[in-house]
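This is structure.cif (mmCIF, C-alpha atoms and all ligand atoms).
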```
data_target
#
loop_
_atom_site.label_atom_id
_atom_site.label_comp_id
_atom_site.auth_asym_id
_atom_site.auth_seq_id
_atom_site.Cartn_x
_atom_site.Cartn_y
_atom_site.Cartn_z
CA MET A 1020 24.95 18.86 -8.55
CA LEU A 1021 21.14 19.17 -8.71
CA TYR A 1022 18.92 17.63 -11.37
CA ASN A 1023 15.59 18.80 -12.71
CA LEU A 1024 12.35 16.90 -12.14
CA SER A 1025 11.80 13.92 -14.43
CA GLN A 1026 15.51 13.49 -14.95
CA TYR A 1027 17.10 10.04 -14.78
CA VAL A 1028 20.38 8.84 -13.34
CA VAL A 1029 22.00 5.42 -13.48
CA LEU A 1030 23.47 3.16 -10.80
CA LYS A 1031 25.57 0.13 -11.76
CA LYS A 1032 24.41 -3.01 -9.97
CA GLU A 1033 27.90 -3.57 -8.60
CA ASP A 1034 27.54 -0.23 -6.77
CA PHE A 1035 24.16 -1.05 -5.20
CA ASN A 1036 25.56 -2.12 -1.81
CA GLY A 1037 27.75 0.98 -1.68
CA PHE A 1038 24.73 3.17 -2.43
CA ILE A 1039 22.72 1.62 0.42
CA SER A 1040 25.70 1.85 2.81
CA ASP A 1041 25.93 5.57 2.09
CA LEU A 1042 22.21 5.98 2.85
CA VAL A 1043 22.54 3.99 6.09
CA LYS A 1044 25.28 6.36 7.29
CA GLU A 1045 22.82 9.25 7.03
CA GLN A 1046 19.54 7.84 8.38
CA LYS A 1047 17.45 4.82 9.31
CA VAL A 1048 16.86 2.74 6.15
CA VAL A 1049 13.96 0.29 5.88
CA ALA A 1050 13.74 -2.20 3.00
CA PRO A 1051 12.23 -5.59 2.06
CA VAL A 1052 13.92 -8.50 3.81
CA ALA A 1053 13.28 -12.25 3.32
CA LYS A 1054 11.55 -13.84 6.33
CA GLY A 1055 11.48 -17.46 5.09
CA CYS A 1056 8.68 -19.53 3.53
CA GLY A 1057 8.50 -17.09 0.61
CA GLN A 1058 7.46 -14.22 2.90
CA PHE A 1059 8.98 -10.74 3.04
CA SER A 1060 8.82 -7.86 5.47
CA PHE A 1061 9.91 -4.23 5.53
CA GLU A 1062 12.60 -4.06 8.23
CA GLU A 1063 15.49 -1.79 9.14
CA VAL A 1064 18.66 -2.77 7.23
CA LYS A 1065 22.26 -1.86 7.81
CA SER A 1066 23.61 -2.99 4.43
CA GLY A 1067 22.48 -3.66 0.86
CA SER A 1068 23.20 -7.38 1.22
CA GLU A 1069 20.27 -7.71 3.67
CA ILE A 1070 17.76 -6.46 1.08
CA SER A 1071 15.65 -8.87 -1.00
CA ILE A 1072 15.25 -6.68 -4.01
CA ASP A 1073 13.09 -9.13 -5.98
CA TYR A 1074 10.27 -9.74 -3.57
CA ILE A 1075 6.53 -10.29 -3.69
CA PRO A 1076 4.41 -7.92 -1.56
CA THR A 1077 5.53 -7.93 2.06
CA ILE A 1078 3.28 -9.40 4.77
CA LEU A 1079 2.34 -5.90 5.95
CA PRO A 1080 2.52 -2.96 3.55
CA PRO A 1081 4.68 0.07 4.32
CA LYS A 1082 1.56 1.68 5.80
CA LYS A 1083 2.87 0.34 9.14
CA TYR A 1084 5.38 3.23 9.11
CA PHE A 1085 2.85 5.89 8.07
CA MET A 1086 0.05 4.67 10.31
CA PRO A 1087 1.44 2.38 13.02
CA ARG A 1088 -0.83 -0.40 14.30
CA ASP A 1089 -0.87 1.29 17.75
CA GLU A 1090 -0.23 4.98 18.01
CA ASN A 1091 -0.29 7.26 21.05
CA ILE A 1092 -2.49 10.29 20.45
CA ALA A 1093 -2.54 11.93 23.87
CA THR A 1094 -1.56 11.50 27.51
CA TYR A 1095 -3.42 12.81 30.52
CA ASP A 1096 -2.69 13.55 34.15
CA LEU A 1097 -5.70 14.41 36.31
CA SER A 1098 -3.75 14.74 39.59
CA ASN A 1099 -3.14 18.46 39.19
CA GLY A 1100 -6.22 19.30 37.22
CA GLU A 1101 -4.43 19.15 33.85
CA ASP A 1102 -6.26 17.86 30.88
CA MET A 1103 -4.93 16.04 27.84
CA GLU A 1104 -1.60 16.68 26.15
CA PRO A 1105 -1.49 15.77 22.46
CA VAL A 1106 1.28 13.39 21.40
CA VAL A 1107 2.81 13.09 17.92
CA GLU A 1108 5.25 10.22 17.44
CA TYR A 1109 7.48 10.19 14.37
CA GLU A 1110 10.87 9.11 13.16
CA LYS A 1111 12.98 10.15 10.19
CA MET A 1112 13.55 7.24 7.86
CA LEU A 1113 14.08 6.20 4.27
CA LEU A 1114 11.91 3.48 2.81
CA PHE A 1115 13.71 1.65 0.03
CA GLY A 1116 12.17 -0.67 -2.57
CA VAL A 1117 8.48 0.27 -2.44
CA HIS A 1118 6.52 -1.32 -5.29
CA THR A 1119 4.04 0.70 -7.36
CA CYS A 1120 1.04 -0.99 -5.67
CA ASP A 1121 2.29 0.15 -2.27
CA LEU A 1122 3.14 3.63 -3.55
CA ALA A 1123 -0.50 3.80 -4.64
CA GLY A 1124 -1.56 2.67 -1.14
CA ILE A 1125 0.44 5.52 0.42
CA GLN A 1126 -1.14 7.95 -2.06
CA CYS A 1127 -4.59 6.76 -0.92
CA LEU A 1128 -3.69 7.28 2.75
CA ASN A 1129 -2.28 10.74 1.93
CA MET A 1130 -5.61 11.71 0.34
CA VAL A 1131 -7.66 10.44 3.26
CA PHE A 1132 -5.57 12.01 6.00
CA SER A 1133 -5.18 15.34 4.15
CA GLU A 1134 -8.95 15.81 4.10
CA ARG A 1135 -10.31 18.34 6.57
CA PRO A 1136 -10.06 17.98 9.49
CA ARG A 1137 -6.48 17.06 8.57
CA ASP A 1138 -4.78 14.31 10.54
CA LEU A 1139 -1.65 16.03 11.85
CA ASN A 1140 -0.22 12.87 13.43
CA TYR A 1141 -0.24 11.18 10.03
CA LEU A 1142 0.93 14.21 8.04
CA ILE A 1143 3.84 15.05 10.36
CA ARG A 1144 5.03 11.43 10.25
CA LYS A 1145 4.67 11.18 6.46
CA ASN A 1146 6.86 14.25 6.01
CA GLN A 1147 9.70 12.48 7.79
CA ILE A 1148 9.72 9.53 5.40
CA THR A 1149 11.76 9.53 2.19
CA ILE A 1150 10.59 6.98 -0.38
CA ILE A 1151 12.60 5.11 -2.99
CA GLY A 1152 10.31 3.07 -5.23
CA TYR A 1153 11.27 -0.09 -7.06
CA GLU A 1154 9.64 -1.39 -10.24
CA CYS A 1155 8.34 -4.97 -10.51
CA ASN A 1156 9.38 -6.27 -13.93
CA PHE A 1157 7.61 -9.60 -13.33
CA TYR A 1158 4.08 -10.30 -12.16
CA CYS A 1159 4.52 -11.28 -8.52
CA ASP A 1160 1.91 -14.08 -8.37
CA ARG A 1161 -1.64 -15.13 -9.26
CA PHE A 1162 -3.15 -12.92 -6.55
CA ALA A 1163 -1.95 -9.58 -7.94
CA SER A 1164 -4.25 -7.38 -10.03
CA CYS A 1165 -2.21 -4.18 -10.22
CA ARG A 1166 -2.62 -3.74 -13.99
CA LEU A 1167 -6.41 -3.82 -13.74
CA VAL A 1168 -6.34 -0.80 -11.43
CA HIS A 1169 -3.51 0.91 -13.36
CA ASN A 1170 -0.97 0.60 -10.57
CA HIS A 1171 1.61 -1.57 -12.34
CA SER A 1172 3.61 1.45 -13.58
CA PRO A 1173 5.15 4.28 -11.59
CA ASN A 1174 2.72 7.12 -11.06
CA GLY A 1175 4.47 9.41 -8.57
CA GLY A 1176 4.45 9.17 -4.80
CA TYR A 1177 8.22 8.62 -4.50
CA ASP A 1178 11.43 10.64 -4.24
CA LEU A 1179 13.50 8.27 -6.37
CA PHE A 1180 12.32 5.30 -8.42
CA PHE A 1181 14.54 2.36 -9.45
CA THR A 1182 14.01 0.18 -12.51
CA ASP A 1183 16.25 -2.82 -13.18
CA VAL A 1184 17.39 -2.60 -16.81
CA GLY A 1185 19.93 -5.43 -16.80
CA ASP A 1186 23.38 -4.62 -15.44
CA ARG A 1187 22.22 -1.31 -13.95
CA PHE A 1188 19.29 0.58 -12.46
CA MET A 1189 17.60 3.49 -14.17
CA ILE A 1190 16.57 5.93 -11.45
CA HIS A 1191 13.84 8.54 -11.85
CA VAL A 1192 14.48 11.61 -9.73
CA ASN A 1193 11.07 12.95 -8.75
CA THR A 1194 11.44 15.45 -5.88
CA ASN A 1195 13.84 17.87 -4.24
CA THR A 1196 14.58 15.22 -1.62
CA GLY A 1197 15.42 12.82 -4.45
CA GLU A 1198 17.68 15.43 -6.03
CA GLU A 1199 19.49 15.87 -2.72
CA LEU A 1200 20.08 12.12 -2.43
CA VAL A 1201 21.46 12.08 -5.97
CA ALA A 1202 23.67 15.09 -5.30
CA LYS A 1203 25.19 13.38 -2.24
CA SER A 1204 26.13 10.19 -4.08
CA ASN A 1205 29.24 9.79 -6.20
CA LEU A 1206 28.03 6.40 -7.52
CA LEU A 1207 25.45 7.75 -9.96
CA ARG A 1208 25.85 9.01 -13.51
CA LYS A 1209 23.47 10.86 -15.79
CA ALA A 1210 21.38 8.58 -18.04
CA GLY A 1211 22.13 8.44 -21.76
CA GLU A 1212 20.15 7.42 -24.84
CA LYS A 1213 21.00 3.71 -24.51
CA ASP A 1214 19.70 3.75 -20.92
CA PHE A 1215 16.36 5.16 -22.08
CA GLU A 1216 16.13 2.55 -24.84
CA ASP A 1217 16.71 -0.20 -22.30
CA LEU A 1218 14.09 1.27 -19.97
CA GLN A 1219 11.57 1.32 -22.78
CA ARG A 1220 12.40 -2.27 -23.77
CA VAL A 1221 11.94 -3.46 -20.17
CA ARG A 1222 8.59 -1.63 -19.85
CA GLU A 1223 7.23 -3.02 -23.13
CA ALA A 1224 8.15 -6.60 -22.14
CA LYS A 1225 6.56 -6.03 -18.76
CA ASN A 1226 3.33 -4.72 -20.25
CA ARG A 1227 3.00 -7.83 -22.43
CA GLU A 1228 3.74 -10.11 -19.47
CA PHE A 1229 1.30 -8.35 -17.12
CA ALA A 1230 -1.50 -8.35 -19.70
CA LYS A 1231 -1.58 -12.18 -19.54
CA ASN A 1232 -2.84 -12.00 -15.98
CA GLU A 1233 -5.65 -9.60 -16.74
CA ILE A 1234 -9.22 -9.86 -15.43
CA PRO A 1235 -11.73 -9.77 -18.34
CA ILE A 1236 -13.21 -6.33 -17.77
CA GLU A 1237 -12.18 -2.84 -18.85
CA HIS A 1238 -10.78 -0.68 -16.07
CA GLU A 1239 -13.42 1.99 -16.85
CA LYS A 1240 -16.29 -0.48 -16.44
CA ILE A 1241 -15.47 -1.51 -12.86
CA PRO A 1242 -17.66 1.20 -11.23
CA GLU A 1243 -20.60 0.06 -13.39
CA LEU A 1244 -19.98 -3.52 -12.29
CA PHE A 1245 -20.35 -2.45 -8.68
CA ASP A 1246 -23.39 -0.29 -9.50
CA ARG A 1247 -25.09 -3.47 -10.65
CA ALA A 1248 -23.75 -5.97 -8.12
CA TYR A 1249 -25.11 -4.74 -4.78
CA ASN A 1250 -27.61 -7.61 -4.50
CA SER A 1251 -25.32 -10.19 -6.06
CA LYS A 1252 -25.35 -13.85 -4.98
CA VAL A 1253 -21.56 -13.58 -4.72
CA TRP A 1254 -21.92 -11.82 -1.34
CA GLU A 1255 -24.03 -14.74 -0.08
CA ASP A 1256 -21.19 -17.11 -0.97
CA LEU A 1257 -18.67 -14.91 0.88
CA ASP A 1258 -21.06 -14.80 3.83
CA LYS A 1259 -20.74 -18.58 4.22
CA ARG A 1260 -16.95 -18.64 3.85
CA CYS A 1261 -15.59 -15.56 5.65
CA VAL A 1262 -14.58 -16.16 9.27
CA ALA A 1263 -14.35 -12.40 10.04
CA CYS A 1264 -10.75 -12.55 11.18
CA GLY A 1265 -9.96 -9.09 9.77
CA ASN A 1266 -6.64 -10.17 8.23
CA CYS A 1267 -7.64 -8.87 4.79
CA THR A 1268 -8.04 -5.30 6.01
CA ASN A 1269 -4.98 -5.37 8.28
CA VAL A 1270 -2.70 -6.29 5.38
CA CYS A 1271 -4.36 -3.89 2.93
CA PRO A 1272 -2.18 -0.87 2.02
CA SER A 1273 -5.21 1.42 1.67
CA CYS A 1274 -7.35 0.38 4.67
CA TYR A 1275 -7.08 3.08 7.30
CA CYS A 1276 -9.90 2.59 9.84
CA PHE A 1277 -8.93 2.78 13.48
CA ASN A 1278 -10.44 2.65 16.94
CA MET A 1279 -9.66 5.10 19.77
CA ILE A 1280 -8.91 3.57 23.16
CA ASP A 1281 -8.39 5.25 26.53
CA GLU A 1282 -6.04 3.33 28.81
CA PRO A 1283 -5.80 4.55 32.40
CA ASN A 1284 -2.77 3.65 34.50
CA LEU A 1285 -3.24 1.81 37.81
CA ASP A 1286 -3.20 5.11 39.71
CA LEU A 1287 -6.42 5.98 37.82
CA LYS A 1288 -5.12 9.53 37.45
CA THR A 1289 -2.75 9.27 34.53
CA GLY A 1290 -3.08 7.40 31.28
CA ARG A 1291 -2.97 7.55 27.53
CA ARG A 1292 -5.29 7.70 24.57
CA TYR A 1293 -4.13 5.68 21.59
CA ARG A 1294 -5.52 4.55 18.29
CA GLN A 1295 -5.29 1.06 16.91
CA TRP A 1296 -6.09 -0.44 13.49
CA ASP A 1297 -9.68 -1.60 13.32
CA SER A 1298 -11.43 -3.69 10.68
CA CYS A 1299 -14.80 -3.41 8.97
CA GLN A 1300 -14.82 -7.21 9.09
CA ASN A 1301 -15.18 -7.19 12.90
CA GLU A 1302 -18.76 -7.49 14.05
CA SER A 1303 -18.34 -4.64 16.53
CA PHE A 1304 -17.19 -2.23 13.83
CA ALA A 1305 -20.61 -1.26 12.50
CA LYS A 1306 -22.39 -1.33 15.87
CA VAL A 1307 -24.00 1.89 17.00
CA ALA A 1308 -25.45 3.08 20.30
CA GLY A 1309 -28.22 0.74 21.44
CA GLY A 1310 -26.40 -2.27 20.03
CA GLU A 1311 -27.80 -2.09 16.50
CA SER A 1312 -25.48 -3.19 13.72
CA PHE A 1313 -25.80 -2.05 10.14
CA ARG A 1314 -23.78 -4.97 8.82
CA LYS A 1315 -24.57 -7.97 10.99
CA GLU A 1316 -23.87 -10.58 8.29
CA ARG A 1317 -20.34 -11.36 7.21
CA GLY A 1318 -21.44 -11.21 3.57
CA ALA A 1319 -22.61 -7.62 4.10
CA ARG A 1320 -19.26 -6.77 5.69
CA GLN A 1321 -17.38 -8.36 2.78
CA ARG A 1322 -19.53 -6.42 0.30
CA HIS A 1323 -18.72 -3.27 2.22
CA ARG A 1324 -14.98 -4.03 1.94
CA TYR A 1325 -15.22 -4.42 -1.84
CA TYR A 1326 -17.34 -1.30 -2.21
CA ARG A 1327 -14.81 0.66 -0.15
CA LYS A 1328 -12.19 -0.37 -2.70
CA PHE A 1329 -14.02 -0.16 -6.02
CA LYS A 1330 -17.02 2.18 -5.71
CA TYR A 1331 -17.17 4.67 -2.82
CA PRO A 1332 -13.64 6.10 -3.31
CA ILE A 1333 -14.37 6.75 -6.98
CA ALA A 1334 -17.09 9.18 -5.91
CA LYS A 1335 -14.96 10.79 -3.22
CA PHE A 1336 -11.36 10.63 -4.49
CA SER A 1337 -11.73 9.71 -8.19
CA ARG A 1338 -9.58 6.61 -7.78
CA PHE A 1339 -9.85 2.98 -6.82
CA PHE A 1340 -8.64 2.17 -3.34
CA CYS A 1341 -7.67 -1.37 -4.33
CA THR A 1342 -4.07 -1.08 -5.43
CA GLY A 1343 -3.98 -4.64 -6.77
CA CYS A 1344 -1.32 -5.86 -4.33
CA GLY A 1345 -3.08 -9.18 -3.75
CA ARG A 1346 -2.34 -9.27 -0.01
CA CYS A 1347 -5.94 -9.84 1.07
CA SER A 1348 -6.16 -12.98 -1.10
CA ARG A 1349 -2.70 -14.22 -0.14
CA THR A 1350 -3.51 -14.02 3.56
CA CYS A 1351 -7.13 -15.20 3.70
CA MET A 1352 -7.52 -18.45 5.62
CA ALA A 1353 -10.90 -18.99 3.94
CA CYS A 1354 -9.28 -18.68 0.49
CA ILE A 1355 -11.43 -15.69 -0.43
CA ASN A 1356 -9.67 -14.37 -3.48
CA LEU A 1357 -10.29 -10.85 -4.75
CA LYS A 1358 -9.65 -11.77 -8.39
CA GLU A 1359 -12.05 -14.73 -8.14
CA THR A 1360 -14.68 -12.49 -6.55
CA LEU A 1361 -14.31 -9.95 -9.36
CA ASN A 1362 -14.47 -12.73 -11.96
CA SER A 1363 -17.67 -14.12 -10.38
CA LEU A 1364 -19.29 -10.67 -10.33
CA ILE A 1365 -18.27 -10.00 -13.95
CA LYS A 1366 -19.68 -13.33 -15.08
CA GLU A 1367 -22.90 -12.94 -13.12
CA GLN A 1368 -23.49 -9.45 -14.55
CA GLY A 1369 -22.64 -10.55 -18.10
CA MET A 1370 -19.84 -7.99 -18.37
CA GLU A 1371 -17.04 -10.30 -19.55
CA ASN A 1372 -14.75 -8.96 -22.23
CA PRO A 1373 -11.89 -11.38 -22.98
CA GLU A 1374 -10.13 -8.67 -25.00
CA ALA A 1375 -10.07 -6.22 -22.07
CA GLY A 1376 -6.55 -5.03 -21.25
CA LYS A 1377 -4.86 -7.11 -23.95
CA VAL A 1378 -1.85 -5.61 -25.75
S1 LIG B 1 -9.09 -12.53 5.66
FE1 LIG B 1 -10.66 -13.80 4.67
S2 LIG B 1 -11.73 -14.81 6.37
FE2 LIG B 1 -10.58 -13.11 7.28
S3 LIG B 1 -12.09 -11.41 7.29
FE3 LIG B 1 -10.91 -11.22 5.37
S4 LIG B 1 -12.13 -12.33 3.84
FE4 LIG B 1 -12.91 -12.96 5.88
S1 LIG B 2 -8.17 -4.97 -1.39
FE1 LIG B 2 -6.63 -6.63 -1.39
S2 LIG B 2 -5.59 -6.47 -3.39
FE2 LIG B 2 -6.72 -4.55 -3.05
S3 LIG B 2 -5.20 -3.18 -2.10
FE3 LIG B 2 -6.32 -4.18 -0.40
S4 LIG B 2 -5.08 -5.99 0.11
FE4 LIG B 2 -4.38 -5.26 -1.90
#
```
Translate the structure described by the file into structure tokens.
Amino acid sequence: MLYNLSQYVVLKKEDFNGFISDLVKEQKVVAPVAKGCGQFSFEEVKSGSEISIDYIPTILPPKKYFMPRDENIATYDLSNGEDMEPVVEYEKMLLFGVHTCDLAGIQCLNMVFSERPRDLNYLIRKNQITIIGYECNFYCDRFASCRLVHNHSPNGGYDLFFTDVGDRFMIHVNTNTGEELVAKSNLLRKAGEKDFEDLQRVREAKNREFAKNEIPIEHEKIPELFDRAYNSKVWEDLDKRCVACGNCTNVCPSCYCFNMIDEPNLDLKTGRRYRQWDSCQNESFAKVAGGESFRKERGARQRHRYYRKFKYPIAKFSRFFCTGCGRCSRTCMACINLKETLNSLIKEQGMENPEAGKV
């Protein structure tokens, strides 16, 4: 039986493991798994019992499946005069349990790689990945800022979307692929009025809870903040603290810069061309021919990172590229914290509004 878009179905919690087992029979399933020390990672699972459904953002976002850290782009063999052969590597899989911040990250990557010239390696791979989102009902920790950038609620980018409403999950069916998954399962039932009431109750409680962690600026005023803050003293402070390790960009769900590397084999006739994640925090990143660098200072590179999240993508894609996941702050060995940086900029520019975002 097929369902229309925007229709909801319900899964009892006691049937969750059975639902995952049915998915695993059909395809590779990847989901959040506990790694110890309060850390989580998206890994392949074979059963529902392996999944940590209440997790804080994983060490690496699901971008690792859409845009692998190393990816072969072409091979070459010069021995018989042949030139390069393009390579596209992909795998069919289902990603279960993707939070709204990471769904937003995938939406950002989709926009970037769909621009002309389109990135076929990315787009072919993306089309092989089914996504089941999962709603966070509780603020994950002090580093998150998803509500500020309006990514705390589901906003598309998934095939199915689960919300925990007590003894069951409400599931939003969003695409044909989602409808097919629903049609194959005999563990789901159509949602009724009581299910919708419970969904609304959960969302209202969540909104109140998330508002407590708000940064004191209106969402709409963030571009103006960055218009004013280019010469801020805050960048000088980050210049002294940042060690340019690049961790913040590696863990970011919307950072997509890469380097192209040619790797010849020992025969010097065959080899491969691959791309690898790069970081605007590396000194070499902004170097041009002749050895000049446009962003020699670490503070300038940090400023660039923030502007690539909060200003430049507004002009190009009409959205923030910070999804509010908090990973960059969680991982930074110099304790550079995105929310603290925003708070310092807001204070410095006199743009504080304690009422912003309150419910
Ligand atoms: S993780 Fe921290 S120290 Fe490393 S480059 Fe990013 S801001 Fe700098
Ligand atoms: S800038 Fe930081 S908080 Fe924003 S999306 Fe990237 S890792 Fe997450």
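With distances taken over all atoms listed in the file, A:Arg1161 is the one residue among A:Arg1317, A:Lys1288, A:Arg1294, A:Arg1161 lying closest to ligand LIG 2 (chain B).
Here CA of Leu1114 (chain A) and CA of Ile1148 (chain A) stand 6.9 Å from one another.
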| query | In terms of the shortest atom-to-atom distance over all atoms listed in the file, which of A:Ile1234, A:Val1106, A:Val1049, A:Val1184 is closest to Thr1149 (chain A)? | reply | A:Val1049
| Neighbours of ligand LIG 1 (chain B) within 7 Å, counting all atoms listed in the file, as number ranges by chain? | A: 1260-1268, 1300, 1321, 1347, 1350-1355
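Near ligand LIG 2 (chain B), at distances of 7 Å or less and with all atoms listed in the file counted, sit the residues A:Gly1124, A:Ala1163, A:Ser1164, A:Cys1267, A:Thr1268, A:Val1270, A:Cys1271, A:Pro1272, A:Ser1273, A:Cys1274, A:Lys1328, A:Phe1340, A:Cys1341, A:Thr1342, A:Gly1343, A:Cys1344, A:Gly1345, A:Arg1346, A:Cys1347, A:Ser1348, A:Leu1357.
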| Distance of CA of Glu1090 (chain A) from CA of Gly1197 (chain A), expressed in Å to one decimal place | 28.5 Å
| field | Distance query 8 Å from (1.5, 5.1, 4.7) using all atoms listed in the file, result as an MDAnalysis selection string | value | chainID A and resid 1081:1086 1124:1126 1128:1129 1145 1272
| message | List as an MDAnalysis selection string the protein and nucleic acid residues near Gly1055 (chain A), meaning an atom at most 12 Å away when only C-alpha atoms are counted, but skip any in the same chain fewer than 4 places from it. | response | chainID A and resid 1059:1060 1071 1074 1077:1078
| Quick one: of A:Glu1033, A:Asp1121, A:Glu1108, A:Glu1302, who's nearest to Gln1147 (chain A), counting all atoms listed in the file? | A:Glu1108
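Of the residues under consideration (A:Tyr1095, A:Tyr1109, A:Phe1229, A:Phe1245), A:Tyr1095 shows the shortest atom-to-atom contact distance to Asp1286 (chain A) when counting all atoms listed in the file.
Taking CA of Glu1134 (chain A) and CA of Arg1292 (chain A) as the two end points, the separation is 22.3 Å.
Using only C-alpha atoms, the smallest distance between any of A:Ser1040, A:Asn1226, A:Ser1303, A:Thr1194 and Lys1065 (chain A) comes from A:Ser1040.
Closest approach to Gly1290 (chain A) among A:Met1370, A:Ile1070, A:Leu1097, A:Leu1079: A:Leu1097, based on only C-alpha atoms.
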| task | For Ser1098 (chain A), work out the shell of residues within 9 Å, counting all atoms listed in the file and skipping chain neighbours fewer than 2 positions away, then give it as a ChimeraX atom specification. | result | /A:1096,1100-1101,1288-1289
| said: With 10 Å as the threshold, what does the neighbourhood of (8.9, -12.4, -14.3) contain in terms of residues, counting only C-alpha atoms? Coordinates are those of the file; answer as number ranges by chain. | reply: A: 1073, 1155-1160, 1224-1225, 1228-1229
Taking 2 positions as the minimum chain separation for residues in the same chain, which residues sit within 9 Å of Glu1062 (chain A) when counting only C-alpha atoms? Answer as a compact mmCIF listing (two decimals) with C-alpha atoms, in the coordinates of the input.
```txt
# COMPACT_ATOMS: atom_id res chain seq x y z
CA VAL A 1048 16.86 2.74 6.15
CA VAL A 1049 13.96 0.29 5.88
CA ALA A 1050 13.74 -2.20 3.00
CA PRO A 1051 12.23 -5.59 2.06
CA VAL A 1052 13.92 -8.50 3.81
CA SER A 1060 8.82 -7.86 5.47
CA VAL A 1064 18.66 -2.77 7.23
```
